[in-house]
Amino acid sequence: KITAPDIKSFLAEKYQEGRYWPAPLIQLNPSFVAGKSAQELVDAGILHKECNQIFRFGRSRPESLGHSIRLHKHQEDAIYIARRRESYVLTTGTGSGKSLSYILPIVDAVLKSKETNPKPSIKAIIIYPMNALVNSQLEELDKYLGHYGENKPVTYGRYTGQESQEDRHSMAACPPDIILTNFMMLELLMTRQDELDKKVMSSASGLEFLVLDELHTYRGRQGADVAMLVRRVREALNENVLCIGTSATMASEGTLATRNSVVAEVASKLFGAEVKPANIITETLQRQTPSEQKPAKPLLAKALIQPLPEQITFKEMREHPISSWIELTLGLEREDGRWVRSKPQSLDWAASKLSSESGISVEQCKNYLQQF
């Protein structure tokens with residue numbers, strides 16, 4: 001509690017400048033190019049027929065089938081690479097459905113393998129950096145498979161140290177198809193001499209999938225530890241296991257091809273197995289506003305001096321000049337002939353840019369953008 005007026009004034013000025021709390025950064029959540037639906041991939045013979053019953057949205061009532069999920073193009077790309085039995089890494093942004101890009105290929109492979117070998121075994125191990133992500137993924141799997149009750153066509157379980165002794169015995173007696181864990185727990189499972197743990201790991205012999213979620217978190221000494229763990233898992237369970245990684249941006253310099261090569265190199269080091277640059281899956285984005293370029297200065301100025309409509313339809317919002325300006329300033333930009341996300345910027349930066357491109361004052365632009 002500062003009482004000295006000069007110190008109090010000095011600090012108030014620093015707070016006002018935003019020194020201690022920088023302004024939040026703004027970025028649009030973009031629209032992804034759509035791929036095929038799960039039903040279309042089943043009809044084409046690419047996915048197992050049961051995938052059409054599993055991957056559906058809109059099951060509001062027990063008797064309601066809902067509708068088949070429509071995949072993003074990058075999710076569909078992952079299915080094709082997994083079918084070739086090649087390792088891959090998905091580097092797409094927030095809200096892009098990264099987990100479905102490995103859950104769907106795993107579920108498809110489990111269903112197909114059970115047709116010829118119904119004996120219970122662990123076919124996929126998914127490693128998360130935090131238990132909170134494990135619990136979140138359990139909820140996600142429940143959304144797709146919960147309606148089957150006790151007779152799930154694909155089973156899954158958590159093994160993070162949070163489980164009771166009864167749960168561990170149950171898992172050892174009847175191993176699930178998919179195990180969700182963290183790298184520390186998997187390390188213990190691989191090295192502990194506990195008979196229960198040894199039994200669990202023995203049921204993972206011939207492992208088909210090994211997934212590292214949030215690949216970018218494994219760096220430095222921890223990255224080396226995880227790389228060694230992956231090599232031990234491959235040596236003990238299946239040298240040819242298909243390795244999958246998901247990540248936020250791991251490289252930001254150079255062209256898309258250069259960045260993908262860097263990611264492929266890092267992933268190959270972590271997995272101890274080749275990940276081709278062609279198998280680095282990036283997001284495919286599309287525009288939502290209709291204009292080819294940013295609106296001209298007179299059009300922007302005209303829009304900014306008019307009050308925002310209180311009621312606006314989607315069509316009107318989509319065709320509004322400021323929507324177009326925002327999308328091409330804070331949303332997307334062209335790189336190597338494709339749309340990529342623009343770098344996040346502060347509202348002050350955006351207001352200053354809009355002011356210079358419209359001739360309207362910065363303060364007026366900032367107020368308009370805040371309301372918009």
# chains A, B, ... in the order shown; residues from 1 in each chain; ligands from 1
call {"tool": "residues_around", "arguments": {"residues": "Asp197 in chain A", "least_positions_apart": "2", "cutoff": "10 Å", "atoms": "only C-alpha atoms", "output": "number ranges by chain"}}
result
A: 168-169, 171-172, 186, 188-195, 199-202
call {"tool": "write_last_selection", "arguments": {"atoms": "C-alpha atoms", "output": "PDB file, in the first residue's frame"}}
result
ATOM      1  CA  ARG A 168      -5.411 -51.898 -12.247  1.00  0.00           C
ATOM      2  CA  HIS A 169      -6.375 -55.540 -11.652  1.00  0.00           C
ATOM      3  CA  MET A 171      -7.013 -53.636 -16.707  1.00  0.00           C
ATOM      4  CA  ALA A 172      -4.479 -56.449 -16.300  1.00  0.00           C
ATOM      5  CA  LEU A 186       4.675 -45.179 -18.980  1.00  0.00           C
ATOM      6  CA  LEU A 188       7.242 -46.736 -14.582  1.00  0.00           C
ATOM      7  CA  LEU A 189       5.210 -49.338 -16.462  1.00  0.00           C
ATOM      8  CA  MET A 190       8.248 -50.130 -18.619  1.00  0.00           C
ATOM      9  CA  THR A 191      10.726 -50.401 -15.725  1.00  0.00           C
ATOM     10  CA  ARG A 192       8.819 -51.440 -12.568  1.00  0.00           C
ATOM     11  CA  GLN A 193       8.975 -55.091 -11.554  1.00  0.00           C
ATOM     12  CA  ASP A 194       5.432 -55.075 -10.145  1.00  0.00           C
ATOM     13  CA  GLU A 195       3.687 -58.201 -11.497  1.00  0.00           C
ATOM     14  CA  LYS A 199       1.080 -58.111 -17.023  1.00  0.00           C
ATOM     15  CA  VAL A 200      -0.399 -54.875 -18.386  1.00  0.00           C
ATOM     16  CA  MET A 201       2.673 -54.239 -20.538  1.00  0.00           C
ATOM     17  CA  SER A 202       2.804 -57.829 -21.795  1.00  0.00           C
TER      18      SER A 202
END
call {"tool": "residues_around", "arguments": {"residues": "range 119-121 of chain A", "least_positions_apart": "6", "cutoff": "8 Å", "atoms": "only C-alpha atoms", "output": "PyMOL selection string"}}
result
chain A and resi 174-177+203-205
call {"tool": "closest_atom_pairs", "arguments": {"of": "range 227-264 of chain A", "to": "range 76-91 of chain A", "cutoff": "8 Å", "atoms": "only C-alpha atoms", "output": "JSON lines"}}
result
{"residue": "A:Leu242", "atom": "CA", "partner": "A:Ser87", "partner_atom": "CA", "distance": 5.3}
{"residue": "A:Cys243", "atom": "CA", "partner": "A:Ser87", "partner_atom": "CA", "distance": 4.8}
{"residue": "A:Ile244", "atom": "CA", "partner": "A:Tyr88", "partner_atom": "CA", "distance": 5.2}
{"residue": "A:Gly245", "atom": "CA", "partner": "A:Val89", "partner_atom": "CA", "distance": 4.5}
{"residue": "A:Thr246", "atom": "CA", "partner": "A:Leu90", "partner_atom": "CA", "distance": 4.7}
{"residue": "A:Ser247", "atom": "CA", "partner": "A:Thr91", "partner_atom": "CA", "distance": 4.9}
{"residue": "A:Ala248", "atom": "CA", "partner": "A:Thr91", "partner_atom": "CA", "distance": 5.5}
{"residue": "A:Thr249", "atom": "CA", "partner": "A:Thr91", "partner_atom": "CA", "distance": 6.2}
{"residue": "A:Met250", "atom": "CA", "partner": "A:Thr91", "partner_atom": "CA", "distance": 7.8}
{"residue": "A:Ala264", "atom": "CA", "partner": "A:Val89", "partner_atom": "CA", "distance": 7.7}
call {"tool": "select_by_dssp", "arguments": {"residues": "range 172-329 of chain A", "states": "helix (DSSP H, G or I)", "output": "PyMOL selection string"}}
result
chain A and resi 172-173+183-191+195-202+215-217+220-237+256-271+277-279+297-305+314-319+321-329
call {"tool": "closest_residue", "arguments": {"among": "A:Ala124, A:Leu299, A:Leu308, A:Leu71", "to": "Lys98 in chain A", "atoms": "only C-alpha atoms"}}
result
A:Leu71
call {"tool": "select_by_dssp", "arguments": {"residues": "range 27-131 of chain A", "states": "strand (DSSP E)", "output": "PyMOL selection string"}}
result
chain A and resi 31-32+34-37+56-57+67-68+70-72+88-91+124-128
call {"tool": "closest_atom_pairs", "arguments": {"of": "range 19-138 of chain A", "to": "range 315-339 of chain A", "cutoff": "7 Å", "atoms": "only C-alpha atoms", "output": "Markdown table"}}
result
| residue | atom | partner | partner_atom | distance |
| --- | --- | --- | --- | --- |
| A:Ile26 | CA | A:Leu330 | CA | 7.0 |
| A:Gln27 | CA | A:Leu330 | CA | 5.3 |
| A:Leu28 | CA | A:Gly331 | CA | 4.7 |
| A:Pro30 | CA | A:Gly331 | CA | 6.6 |
call {"tool": "closest_residue", "arguments": {"among": "A:Glu163, A:Glu50, A:Glu115, A:Asp213", "to": "Leu133 in chain A", "atoms": "only C-alpha atoms"}}
result
A:Asp213
call {"tool": "residues_around", "arguments": {"residues": "Phe32 in chain A", "least_positions_apart": "3", "cutoff": "7 Å", "atoms": "only C-alpha atoms", "output": "mmCIF file with C-alpha atoms, in the first residue's frame"}}
result
data_model
loop_
_atom_site.group_PDB
_atom_site.id
_atom_site.type_symbol
_atom_site.label_atom_id
_atom_site.label_comp_id
_atom_site.auth_asym_id
_atom_site.auth_seq_id
_atom_site.Cartn_x
_atom_site.Cartn_y
_atom_site.Cartn_z
ATOM 1 C CA HIS A 72 -11.775 -31.156 -41.714
ATOM 2 C CA THR A 284 -6.063 -25.990 -44.743
ATOM 3 C CA LEU A 285 -7.959 -22.741 -44.246
ATOM 4 C CA GLN A 286 -10.578 -20.908 -46.270
#
call {"tool": "closest_residue", "arguments": {"among": "A:Arg59, A:Pro277, A:Ile305, A:Leu270", "to": "Thr258 in chain A", "atoms": "only C-alpha atoms"}}
result
A:Pro277
call {"tool": "atom_distance", "arguments": {"atom1": "CA of Gln345 in chain A", "atom2": "CA of Pro22 in chain A"}}
result
11.4 Å
call {"tool": "decode", "arguments": {"residues": "range 225-241 of chain A", "atoms": "all heavy atoms", "output": "PDB file, in the first residue's frame"}}
result
ATOM      1  N   ASP A 225      14.654 -37.563 -22.452  1.00  0.00           N
ATOM      2  CA  ASP A 225      14.066 -38.662 -21.661  1.00  0.00           C
ATOM      3  C   ASP A 225      12.933 -39.338 -22.436  1.00  0.00           C
ATOM      4  O   ASP A 225      12.843 -40.570 -22.482  1.00  0.00           O
ATOM      5  CB  ASP A 225      13.505 -38.132 -20.333  1.00  0.00           C
ATOM      6  CG  ASP A 225      14.595 -37.758 -19.341  1.00  0.00           C
ATOM      7  OD1 ASP A 225      15.751 -38.175 -19.562  1.00  0.00           O
ATOM      8  OD2 ASP A 225      14.287 -37.049 -18.363  1.00  0.00           O
ATOM      9  N   VAL A 226      12.069 -38.526 -23.026  1.00  0.00           N
ATOM     10  CA  VAL A 226      10.923 -39.071 -23.766  1.00  0.00           C
ATOM     11  C   VAL A 226      11.392 -39.808 -25.019  1.00  0.00           C
ATOM     12  O   VAL A 226      10.866 -40.870 -25.369  1.00  0.00           O
ATOM     13  CB  VAL A 226       9.918 -37.942 -24.116  1.00  0.00           C
ATOM     14  CG1 VAL A 226       8.834 -38.445 -25.060  1.00  0.00           C
ATOM     15  CG2 VAL A 226       9.278 -37.395 -22.851  1.00  0.00           C
ATOM     16  N   ALA A 227      12.417 -39.263 -25.692  1.00  0.00           N
ATOM     17  CA  ALA A 227      12.961 -39.930 -26.884  1.00  0.00           C
ATOM     18  C   ALA A 227      13.504 -41.315 -26.523  1.00  0.00           C
ATOM     19  O   ALA A 227      13.298 -42.287 -27.264  1.00  0.00           O
ATOM     20  CB  ALA A 227      14.055 -39.074 -27.507  1.00  0.00           C
ATOM     21  N   MET A 228      14.172 -41.424 -25.377  1.00  0.00           N
ATOM     22  CA  MET A 228      14.682 -42.725 -24.928  1.00  0.00           C
ATOM     23  C   MET A 228      13.535 -43.662 -24.555  1.00  0.00           C
ATOM     24  O   MET A 228      13.583 -44.864 -24.830  1.00  0.00           O
ATOM     25  CB  MET A 228      15.618 -42.541 -23.721  1.00  0.00           C
ATOM     26  CG  MET A 228      16.902 -41.780 -24.039  1.00  0.00           C
ATOM     27  SD  MET A 228      17.871 -42.557 -25.357  1.00  0.00           S
ATOM     28  CE  MET A 228      18.436 -44.031 -24.525  1.00  0.00           C
ATOM     29  N   LEU A 229      12.507 -43.117 -23.920  1.00  0.00           N
ATOM     30  CA  LEU A 229      11.332 -43.920 -23.559  1.00  0.00           C
ATOM     31  C   LEU A 229      10.677 -44.497 -24.801  1.00  0.00           C
ATOM     32  O   LEU A 229      10.333 -45.688 -24.847  1.00  0.00           O
ATOM     33  CB  LEU A 229      10.335 -43.060 -22.779  1.00  0.00           C
ATOM     34  CG  LEU A 229       8.965 -43.688 -22.498  1.00  0.00           C
ATOM     35  CD1 LEU A 229       9.097 -44.921 -21.618  1.00  0.00           C
ATOM     36  CD2 LEU A 229       8.031 -42.662 -21.852  1.00  0.00           C
ATOM     37  N   VAL A 230      10.499 -43.658 -25.833  1.00  0.00           N
ATOM     38  CA  VAL A 230       9.884 -44.125 -27.084  1.00  0.00           C
ATOM     39  C   VAL A 230      10.698 -45.265 -27.684  1.00  0.00           C
ATOM     40  O   VAL A 230      10.144 -46.269 -28.154  1.00  0.00           O
ATOM     41  CB  VAL A 230       9.736 -42.960 -28.095  1.00  0.00           C
ATOM     42  CG1 VAL A 230       9.323 -43.485 -29.458  1.00  0.00           C
ATOM     43  CG2 VAL A 230       8.714 -41.947 -27.593  1.00  0.00           C
ATOM     44  N   ARG A 231      12.028 -45.149 -27.645  1.00  0.00           N
ATOM     45  CA  ARG A 231      12.882 -46.207 -28.196  1.00  0.00           C
ATOM     46  C   ARG A 231      12.734 -47.504 -27.409  1.00  0.00           C
ATOM     47  O   ARG A 231      12.717 -48.598 -27.989  1.00  0.00           O
ATOM     48  CB  ARG A 231      14.352 -45.745 -28.208  1.00  0.00           C
ATOM     49  CG  ARG A 231      14.650 -44.782 -29.352  1.00  0.00           C
ATOM     50  CD  ARG A 231      15.861 -43.901 -29.054  1.00  0.00           C
ATOM     51  NE  ARG A 231      16.206 -43.043 -30.181  1.00  0.00           N
ATOM     52  CZ  ARG A 231      15.565 -41.932 -30.522  1.00  0.00           C
ATOM     53  NH1 ARG A 231      14.494 -41.557 -29.833  1.00  0.00           N
ATOM     54  NH2 ARG A 231      15.961 -41.221 -31.552  1.00  0.00           N
ATOM     55  N   ARG A 232      12.602 -47.400 -26.074  1.00  0.00           N
ATOM     56  CA  ARG A 232      12.417 -48.608 -25.252  1.00  0.00           C
ATOM     57  C   ARG A 232      11.063 -49.259 -25.544  1.00  0.00           C
ATOM     58  O   ARG A 232      10.947 -50.481 -25.586  1.00  0.00           O
ATOM     59  CB  ARG A 232      12.529 -48.267 -23.767  1.00  0.00           C
ATOM     60  CG  ARG A 232      13.959 -48.052 -23.316  1.00  0.00           C
ATOM     61  CD  ARG A 232      14.084 -48.171 -21.802  1.00  0.00           C
ATOM     62  NE  ARG A 232      13.319 -47.156 -21.103  1.00  0.00           N
ATOM     63  CZ  ARG A 232      13.725 -45.911 -20.923  1.00  0.00           C
ATOM     64  NH1 ARG A 232      14.881 -45.508 -21.418  1.00  0.00           N
ATOM     65  NH2 ARG A 232      12.987 -45.049 -20.256  1.00  0.00           N
ATOM     66  N   VAL A 233      10.036 -48.422 -25.712  1.00  0.00           N
ATOM     67  CA  VAL A 233       8.700 -48.939 -26.037  1.00  0.00           C
ATOM     68  C   VAL A 233       8.739 -49.685 -27.368  1.00  0.00           C
ATOM     69  O   VAL A 233       8.224 -50.808 -27.498  1.00  0.00           O
ATOM     70  CB  VAL A 233       7.660 -47.794 -26.089  1.00  0.00           C
ATOM     71  CG1 VAL A 233       6.343 -48.285 -26.686  1.00  0.00           C
ATOM     72  CG2 VAL A 233       7.420 -47.220 -24.700  1.00  0.00           C
ATOM     73  N   ARG A 234       9.386 -49.067 -28.363  1.00  0.00           N
ATOM     74  CA  ARG A 234       9.463 -49.708 -29.692  1.00  0.00           C
ATOM     75  C   ARG A 234      10.246 -51.010 -29.618  1.00  0.00           C
ATOM     76  O   ARG A 234       9.872 -52.011 -30.223  1.00  0.00           O
ATOM     77  CB  ARG A 234      10.095 -48.755 -30.703  1.00  0.00           C
ATOM     78  CG  ARG A 234       9.175 -47.576 -31.060  1.00  0.00           C
ATOM     79  CD  ARG A 234       9.823 -46.579 -31.993  1.00  0.00           C
ATOM     80  NE  ARG A 234      10.262 -47.221 -33.218  1.00  0.00           N
ATOM     81  CZ  ARG A 234      11.483 -47.125 -33.722  1.00  0.00           C
ATOM     82  NH1 ARG A 234      12.397 -46.392 -33.115  1.00  0.00           N
ATOM     83  NH2 ARG A 234      11.789 -47.728 -34.843  1.00  0.00           N
ATOM     84  N   GLU A 235      11.351 -51.001 -28.871  1.00  0.00           N
ATOM     85  CA  GLU A 235      12.176 -52.208 -28.767  1.00  0.00           C
ATOM     86  C   GLU A 235      11.428 -53.337 -28.054  1.00  0.00           C
ATOM     87  O   GLU A 235      11.513 -54.500 -28.444  1.00  0.00           O
ATOM     88  CB  GLU A 235      13.468 -51.880 -28.010  1.00  0.00           C
ATOM     89  CG  GLU A 235      14.453 -53.037 -27.972  1.00  0.00           C
ATOM     90  CD  GLU A 235      15.740 -52.692 -27.234  1.00  0.00           C
ATOM     91  OE1 GLU A 235      15.836 -51.584 -26.681  1.00  0.00           O
ATOM     92  OE2 GLU A 235      16.637 -53.541 -27.222  1.00  0.00           O
ATOM     93  N   ALA A 236      10.665 -52.983 -27.013  1.00  0.00           N
ATOM     94  CA  ALA A 236       9.988 -53.999 -26.207  1.00  0.00           C
ATOM     95  C   ALA A 236       8.681 -54.496 -26.831  1.00  0.00           C
ATOM     96  O   ALA A 236       8.319 -55.662 -26.676  1.00  0.00           O
ATOM     97  CB  ALA A 236       9.704 -53.433 -24.815  1.00  0.00           C
ATOM     98  N   LEU A 237       7.973 -53.586 -27.528  1.00  0.00           N
ATOM     99  CA  LEU A 237       6.608 -53.938 -27.949  1.00  0.00           C
ATOM    100  C   LEU A 237       6.446 -54.134 -29.455  1.00  0.00           C
ATOM    101  O   LEU A 237       5.763 -55.038 -29.894  1.00  0.00           O
ATOM    102  CB  LEU A 237       5.623 -52.867 -27.444  1.00  0.00           C
ATOM    103  CG  LEU A 237       5.621 -52.630 -25.929  1.00  0.00           C
ATOM    104  CD1 LEU A 237       4.677 -51.502 -25.576  1.00  0.00           C
ATOM    105  CD2 LEU A 237       5.253 -53.910 -25.188  1.00  0.00           C
ATOM    106  N   ASN A 238       7.022 -53.240 -30.241  1.00  0.00           N
ATOM    107  CA  ASN A 238       6.910 -53.370 -31.705  1.00  0.00           C
ATOM    108  C   ASN A 238       7.818 -52.336 -32.370  1.00  0.00           C
ATOM    109  O   ASN A 238       7.543 -51.139 -32.300  1.00  0.00           O
ATOM    110  CB  ASN A 238       5.458 -53.177 -32.166  1.00  0.00           C
ATOM    111  CG  ASN A 238       5.316 -53.295 -33.687  1.00  0.00           C
ATOM    112  OD1 ASN A 238       6.250 -53.666 -34.382  1.00  0.00           O
ATOM    113  ND2 ASN A 238       4.135 -52.961 -34.184  1.00  0.00           N
ATOM    114  N   GLU A 239       8.863 -52.792 -32.998  1.00  0.00           N
ATOM    115  CA  GLU A 239       9.820 -51.895 -33.643  1.00  0.00           C
ATOM    116  C   GLU A 239       9.160 -51.050 -34.724  1.00  0.00           C
ATOM    117  O   GLU A 239       9.577 -49.922 -35.000  1.00  0.00           O
ATOM    118  CB  GLU A 239      10.965 -52.725 -34.260  1.00  0.00           C
ATOM    119  CG  GLU A 239      12.144 -51.904 -34.754  1.00  0.00           C
ATOM    120  CD  GLU A 239      12.883 -51.162 -33.652  1.00  0.00           C
ATOM    121  OE1 GLU A 239      12.977 -51.685 -32.526  1.00  0.00           O
ATOM    122  OE2 GLU A 239      13.341 -50.038 -33.924  1.00  0.00           O
ATOM    123  N   ASN A 240       8.109 -51.587 -35.327  1.00  0.00           N
ATOM    124  CA  ASN A 240       7.443 -50.908 -36.443  1.00  0.00           C
ATOM    125  C   ASN A 240       6.143 -50.225 -36.041  1.00  0.00           C
ATOM    126  O   ASN A 240       5.260 -50.014 -36.881  1.00  0.00           O
ATOM    127  CB  ASN A 240       7.176 -51.904 -37.584  1.00  0.00           C
ATOM    128  CG  ASN A 240       8.467 -52.490 -38.130  1.00  0.00           C
ATOM    129  OD1 ASN A 240       9.417 -51.766 -38.399  1.00  0.00           O
ATOM    130  ND2 ASN A 240       8.515 -53.817 -38.275  1.00  0.00           N
ATOM    131  N   VAL A 241       6.014 -49.897 -34.751  1.00  0.00           N
ATOM    132  CA  VAL A 241       4.801 -49.209 -34.300  1.00  0.00           C
ATOM    133  C   VAL A 241       4.645 -47.894 -35.059  1.00  0.00           C
ATOM    134  O   VAL A 241       5.637 -47.224 -35.375  1.00  0.00           O
ATOM    135  CB  VAL A 241       4.863 -48.972 -32.770  1.00  0.00           C
ATOM    136  CG1 VAL A 241       5.985 -48.018 -32.395  1.00  0.00           C
ATOM    137  CG2 VAL A 241       3.543 -48.459 -32.238  1.00  0.00           C
TER     138      VAL A 241
END
